[in-house]
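Here's the structure we're looking at; comments come further down.
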Amino acid sequence: MRGIELKNLTKHYKDTKALEDISLTIEYGKIYGLLGRNGAGKSTMVNLISNRIFPTSGEIFVDGEMSIENDEALRKIFTMSEHNLLPVDRKFKDAVKLVKEFYPALDEDYAFALAEKFELDVKKKLMSLSTGYSSISKLIIALASGADYIFFDEPVLGLDPNHRELFYKELIDRYANTGSTFVISTHLIDECASLIEKAIIIDKGRLATAEDTEKIMQDSYTVTGPAELVDKYTAGKTVIGSDNVGGIKSAYVKGKAENVPQGLEISKASLQSLFIRMTND
Amino acid sequence: MYTKKLLRTTWNIKEVLSLVAVFAVIVAIFSFIEFQDARGDLDDLYKKSSTVTQEQIDKISVVSPVGIMAMVAALGFGLAFTAQMFSLSLQVNVTRKHLHRATLLSELICAGLITATVFPARMGVNLIFSKLCTGRYSVLSDKFRDVAFNTAPFSKNMVASQGIISGILLMLFGSLLFALIGSLLLNFLSRFKGAGVVAASILCFFAAAGIVITLIVLSSKWISIAVLGSLLVIMLVAQWKLIKTQTLDSKSAVKAA
Amino acid sequence: MQINFESEKPIFVQLADWLSDSIISGAIKEGEQIPSTTEMSVNLKINPATALKGVNMLVDKGIIYKKRGLGMFVSQGAVETLKKERQSEFFGEYIRKMLDEAAKLGLTKNDIIELIERG
């Protein structure tokens with residue numbers, strides 16, 4: 001069975017329950033969005049999968065094999081995160097070669113081609129890169145790594161809009177060419193809603209949903225109009241959340257819109273607004 | 001395989017060689033100063049009487065700054081390389097089993113490098129002095145060599161009349177111990193915050209000082225070896241247990257500290 | 001072409017529609033190759049699986065066919081097929097909506113005919 005499977009994965013710290021009983025499967029060959037608020041547990045989940053921290057209980061399987069402290073299984077995973085874990089005194093081009101020692105499938109030519117597109121000076125030392133270019137150096141290496149499962153934890157931190165767009169496009173291209181699994185953990189949901197095939201939403205350490213993004217969005221809609229009318233319409237329906245601006249109310253409703261009375265407008269809810277409604281207290 | 005790769009990628013040959021070169025120069029300079037003092041003391045001894053006993057010569061040697069420097073360098077190396085390798089292992093998904101092996105090998109390499117630097121440097125200086133002394137104190141050159149290798153923090157009794165080989169082995173052993181202290185210190189630093197960091201640092205400092213003092217004070221060579229040996233075993237076990245449970249969280253604590 | 005992410009219409013349908021429009025208008029001629037799904041997904045910033053879904057929709061209708069190892073091409077007679085399909089959709093898509101709007105505004109059948117002649 002190809003994929004990363006989490007079984008009842010739990011991580012407790014002294015004072016907090018970072019992840020509680022998470023069971024899900026990350027299939028091979030898809031682009032996932034790992035979404036959650038600050039402190040929801042996204043990074044914890046990525047760190048557990050990458051063997052960077054250990055679970056309190058539960059299991060992680062990579063392609064059917066238990067992955068904790070398992071070199072062969074972990075070889076299939078590459079993770080980029082806010083942490084700068086490579087020796088910072090190395091030049092970018094040397095850092096690429098260094099990673100290739102451990103990930104033989106890393107495509108050096110592709111990495112340098114990407115560096116050119118992002119205008120990254122390959123001769124610069126990692127420690128002398130700006131925040132934005134530090135992120136860029138890391139995401140380039142991740143994209144080029146050749147791993148089966150590639151995790152991006154907040155990949156576009158500090159990137160200007162042009163570079164963010166370039167990153168998404170390069171990711172799609174790389175995915176189309178290699179078929180690896182890409183998991184993007186991010187706050188910028190609307191930016192990448194169109195590229196993620198499946199969304200995993202973590203809320204306060206628990207799994208809120210793991211579903212096709214298209215399904216999430218087709219299964220809900222927004223109804224807008226005078227607050228009273230909206231309330232009347234939504235009575236008895238599953239309302240995920242709502243906004244109220246000067247008497248005009250927008251409700252996010254689960255299901256399909258039917259028999260909509262005059263005066264009410266139906267529209268699609270964006271993944272980001274659905275997410276916000278779902279994870280608000 | 002991953003152990004070798006970790007080592008190969010962390011030990012950057014150019015950097016290491018230049019560090020060693022700089023250290024060798026410093027050691028040579030300090031040895032020079034030290035031997036000047038020792039020669040002065042010997043001169044005084046011979047001024048007082050024409051017959052000088054081995055015991056009297058043995059008393060000349062004092063705690064050598066070079067020896068201490070070598071140990072501190074070992075500690076520094078231990079800290080630096082262990083930290084770099086740990087971070088790297090997290091990024092390239094190498095398990096702690098390999099990290100541990102690579103750390104151990106690093107400590108051995110580190111101890112070897114320091115010993116290989118200190119000894120030739122000291123021997124070089126010593127040879128120069130022997131040459132200088134032969135002219136004036138022809139009978140002293142042998143005794144002078146004994147003084148040269150009475151290098152603290154190891155007890156004179158361990159080195160005396162054993163010469164070069166035991167001196168090298170002891171320096172190797174000592175560097176290894178201090179490199180281990182460095183690695184353990186890093187681990188403690190990474191797991192505690194704030195006041196805990198201060199406490200851990202003080203603990204390690206006293207452990208190191210304790211080793212030094214024990215070895216200078218203990219008169220029996222075999223007791224010293226037994227003590228050092230036990231310490232080594234304890235530290236190796238502690239290091240393995242600590243590395244096995246090291247996580248990214250620990251690393252964040254280092255940054256916070 | 002731009003994908004409208006706000007629209008009710010799923011992305012893969014928008015893609016299929018855009019391809020259909022290009023075929024009807026002759027921008028992509030019958031027998032010609034259409035852009036690869038990779039190319040389209042990169043340019044439109046959408047998931048390749050979504051692009052593939054849109055293309056497959058047209059393959060199912062016989063508008064496009066796949067040539068192994070070469071890519072995807074517009075079928076012969078695709079324009080005809082599309083026009084016929086659009087013509088039958090015309091009533092539901094446009095006429096029905098027009099009649100609904102006209103009813104809202106209180107326009108009579110004669111009013112509508114007058115407006116059509118004006119246009």
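Ligands are numbered from 1 in the order shown, residues from 1 within each chain, and chains are lettered A, B, ... in the order they appear in the structure tokens.
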
Requested in this report: Pick out each residue of region 66-158 of chain A that DSSP on the backbone tags as alpha helix (DSSP H); I need them as a PyMOL selection string.
Outcome: chain A and resi 71-74+92-102+108-117+131-144

Requested in this report: Skip Ile28 (chain C) itself and residues of its chain fewer than 5 positions away, then list as a list of chain:residue names all residues within 9 Å of it, counting only C-alpha atoms.
Outcome: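 Returned residues: C:Leu19, C:Ser22, C:Ile23, C:Gln33, C:Ile34, C:Val74.
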
Those residues you just picked out, can you put them in a file as a PDB file, in the first residue's frame with C-alpha atoms?
ATOM      1  CA  LEU C  19     -10.877  24.225 -24.860  1.00  0.00           C
ATOM      2  CA  SER C  22     -10.950  27.414 -28.800  1.00  0.00           C
ATOM      3  CA  ILE C  23     -12.003  24.505 -30.976  1.00  0.00           C
ATOM      4  CA  GLN C  33      -2.642  19.075 -30.990  1.00  0.00           C
ATOM      5  CA  ILE C  34      -3.971  20.736 -27.867  1.00  0.00           C
ATOM      6  CA  VAL C  74      -8.819  17.518 -31.761  1.00  0.00           C
TER       7      VAL C  74
END

Query raised in the report: Which chain A residues are at most 8 Å from chain B (counting only C-alpha atoms), as a PyMOL selection string?
Result: chain A and resi 47+50-54+69-71+74-75+77-80+85-87+98-99+101-103

Grab the residues selected above and save them as a PDB file, in the first residue's frame with C-alpha atoms.
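This went into result_24.pdb:
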ATOM      1  CA  ASN A  47       8.025  16.748  12.273  1.00  0.00           C
ATOM      2  CA  SER A  50      10.025  13.244   9.317  1.00  0.00           C
ATOM      3  CA  ASN A  51      11.371  11.495  12.417  1.00  0.00           C
ATOM      4  CA  ARG A  52      12.451  14.844  13.859  1.00  0.00           C
ATOM      5  CA  ILE A  53      10.378  14.330  17.000  1.00  0.00           C
ATOM      6  CA  PHE A  54       8.912  11.194  18.503  1.00  0.00           C
ATOM      7  CA  GLU A  69      14.112   5.402  13.096  1.00  0.00           C
ATOM      8  CA  ASN A  70      13.896   3.448   9.844  1.00  0.00           C
ATOM      9  CA  ASP A  71      16.537   4.699   7.392  1.00  0.00           C
ATOM     10  CA  LEU A  74      12.781   7.855   5.796  1.00  0.00           C
ATOM     11  CA  ARG A  75      14.840   8.047   2.628  1.00  0.00           C
ATOM     12  CA  ILE A  77      10.715  11.648   2.598  1.00  0.00           C
ATOM     13  CA  PHE A  78      12.189  15.129   2.267  1.00  0.00           C
ATOM     14  CA  THR A  79      11.059  18.049   4.361  1.00  0.00           C
ATOM     15  CA  MET A  80      11.706  21.759   4.104  1.00  0.00           C
ATOM     16  CA  LEU A  85      19.462  22.640   9.348  1.00  0.00           C
ATOM     17  CA  LEU A  86      22.120  22.546   6.682  1.00  0.00           C
ATOM     18  CA  PRO A  87      25.605  23.848   7.605  1.00  0.00           C
ATOM     19  CA  LEU A  98      25.713  17.699   0.159  1.00  0.00           C
ATOM     20  CA  VAL A  99      22.031  16.781   0.062  1.00  0.00           C
ATOM     21  CA  GLU A 101      24.941  12.480  -0.996  1.00  0.00           C
ATOM     22  CA  PHE A 102      21.910  11.397   0.956  1.00  0.00           C
ATOM     23  CA  TYR A 103      19.279  11.699  -1.756  1.00  0.00           C
TER      24      TYR A 103
END

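The coordinates place CA of Val197 (chain B) at 26.4 Å from CA of Leu108 (chain B).
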
Mind running chain A against chain C at 9 Å and telling me each contacting residue's nearest atom pair with the distance in Å (one decimal), counting only C-alpha atoms, chain and number ascending, as CSV?
residue,atom,partner,partner_atom,distance
A:Lys30,CA,C:Ala49,CA,8.5
A:Ile31,CA,C:Asn47,CA,7.7
A:Glu165,CA,C:Lys45,CA,8.4
A:Tyr168,CA,C:Lys45,CA,7.0
A:Lys169,CA,C:Val42,CA,5.1
A:Glu170,CA,C:Val42,CA,7.5
A:Leu171,CA,C:Val42,CA,8.6
A:Ile172,CA,C:Val42,CA,5.8
A:Asp173,CA,C:Val42,CA,6.0
A:Tyr175,CA,C:Pro48,CA,8.2
A:Ala176,CA,C:Thr38,CA,5.8
A:Asn177,CA,C:Thr38,CA,8.0
A:Cys192,CA,C:Lys45,CA,8.4
A:Ala193,CA,C:Ile46,CA,8.6
A:Ser194,CA,C:Ile46,CA,5.0
A:Leu195,CA,C:Asn47,CA,4.2
A:Ile196,CA,C:Asn47,CA,6.3
A:Glu197,CA,C:Asn47,CA,6.5
A:Glu214,CA,C:Pro10,CA,7.8
A:Gln218,CA,C:Pro10,CA,8.3
A:Ser267,CA,C:Glu8,CA,6.5
A:Lys268,CA,C:Glu8,CA,5.5
A:Ala269,CA,C:Glu6,CA,7.6
A:Ser270,CA,C:Glu6,CA,6.9

Selected residues written out, C-alpha atoms, as a compact mmCIF listing (two decimals), in the first residue's frame:
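Result went into again09.txt, see below:
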# COMPACT_ATOMS: atom_id res chain seq x y z
CA LYS A 30 -1.12 13.71 -5.08
CA ILE A 31 -0.72 17.31 -4.04
CA GLU A 165 3.64 32.47 -8.13
CA TYR A 168 3.50 27.28 -7.31
CA LYS A 169 4.02 26.95 -11.04
CA GLU A 170 7.33 25.12 -10.61
CA LEU A 171 5.71 22.82 -8.09
CA ILE A 172 2.91 21.94 -10.51
CA ASP A 173 5.43 21.35 -13.26
CA TYR A 175 4.61 17.22 -9.87
CA ALA A 176 3.43 16.67 -13.44
CA ASN A 177 6.88 15.38 -14.38
CA CYS A 192 -2.79 27.42 -3.39
CA ALA A 193 -6.41 26.20 -3.17
CA SER A 194 -6.39 25.59 -6.91
CA LEU A 195 -3.35 23.35 -6.86
CA ILE A 196 -4.10 21.15 -3.93
CA GLU A 197 -6.09 18.07 -4.77
CA GLU A 214 -13.24 20.06 -4.82
CA GLN A 218 -18.90 21.61 -3.80
CA SER A 267 -22.17 31.80 -4.36
CA LYS A 268 -19.30 29.42 -3.96
CA ALA A 269 -17.33 29.64 -0.76
CA SER A 270 -13.60 29.90 -1.14

Report summary line: Computed gap from CA of Leu24 (chain A) to CA of Ile201 (chain A) is 11.1 Å

**Report entry** Close residues, Gly77 (chain C) itself excluded, 12 Å, only C-alpha atoms, min 6 positions apart in chain, as a ChimeraX atom specification
**Finding:** /C:23-24,29-31,61-65,83-84

Report task. Write out as number ranges by chain the residues lying within 10 Å of Phe23 (chain B), counting only C-alpha atoms and excluding same-chain residues fewer than 5 positions away. Result -> B: 17-18, 28-29, 69-70, 73, 114, 117-118, 121
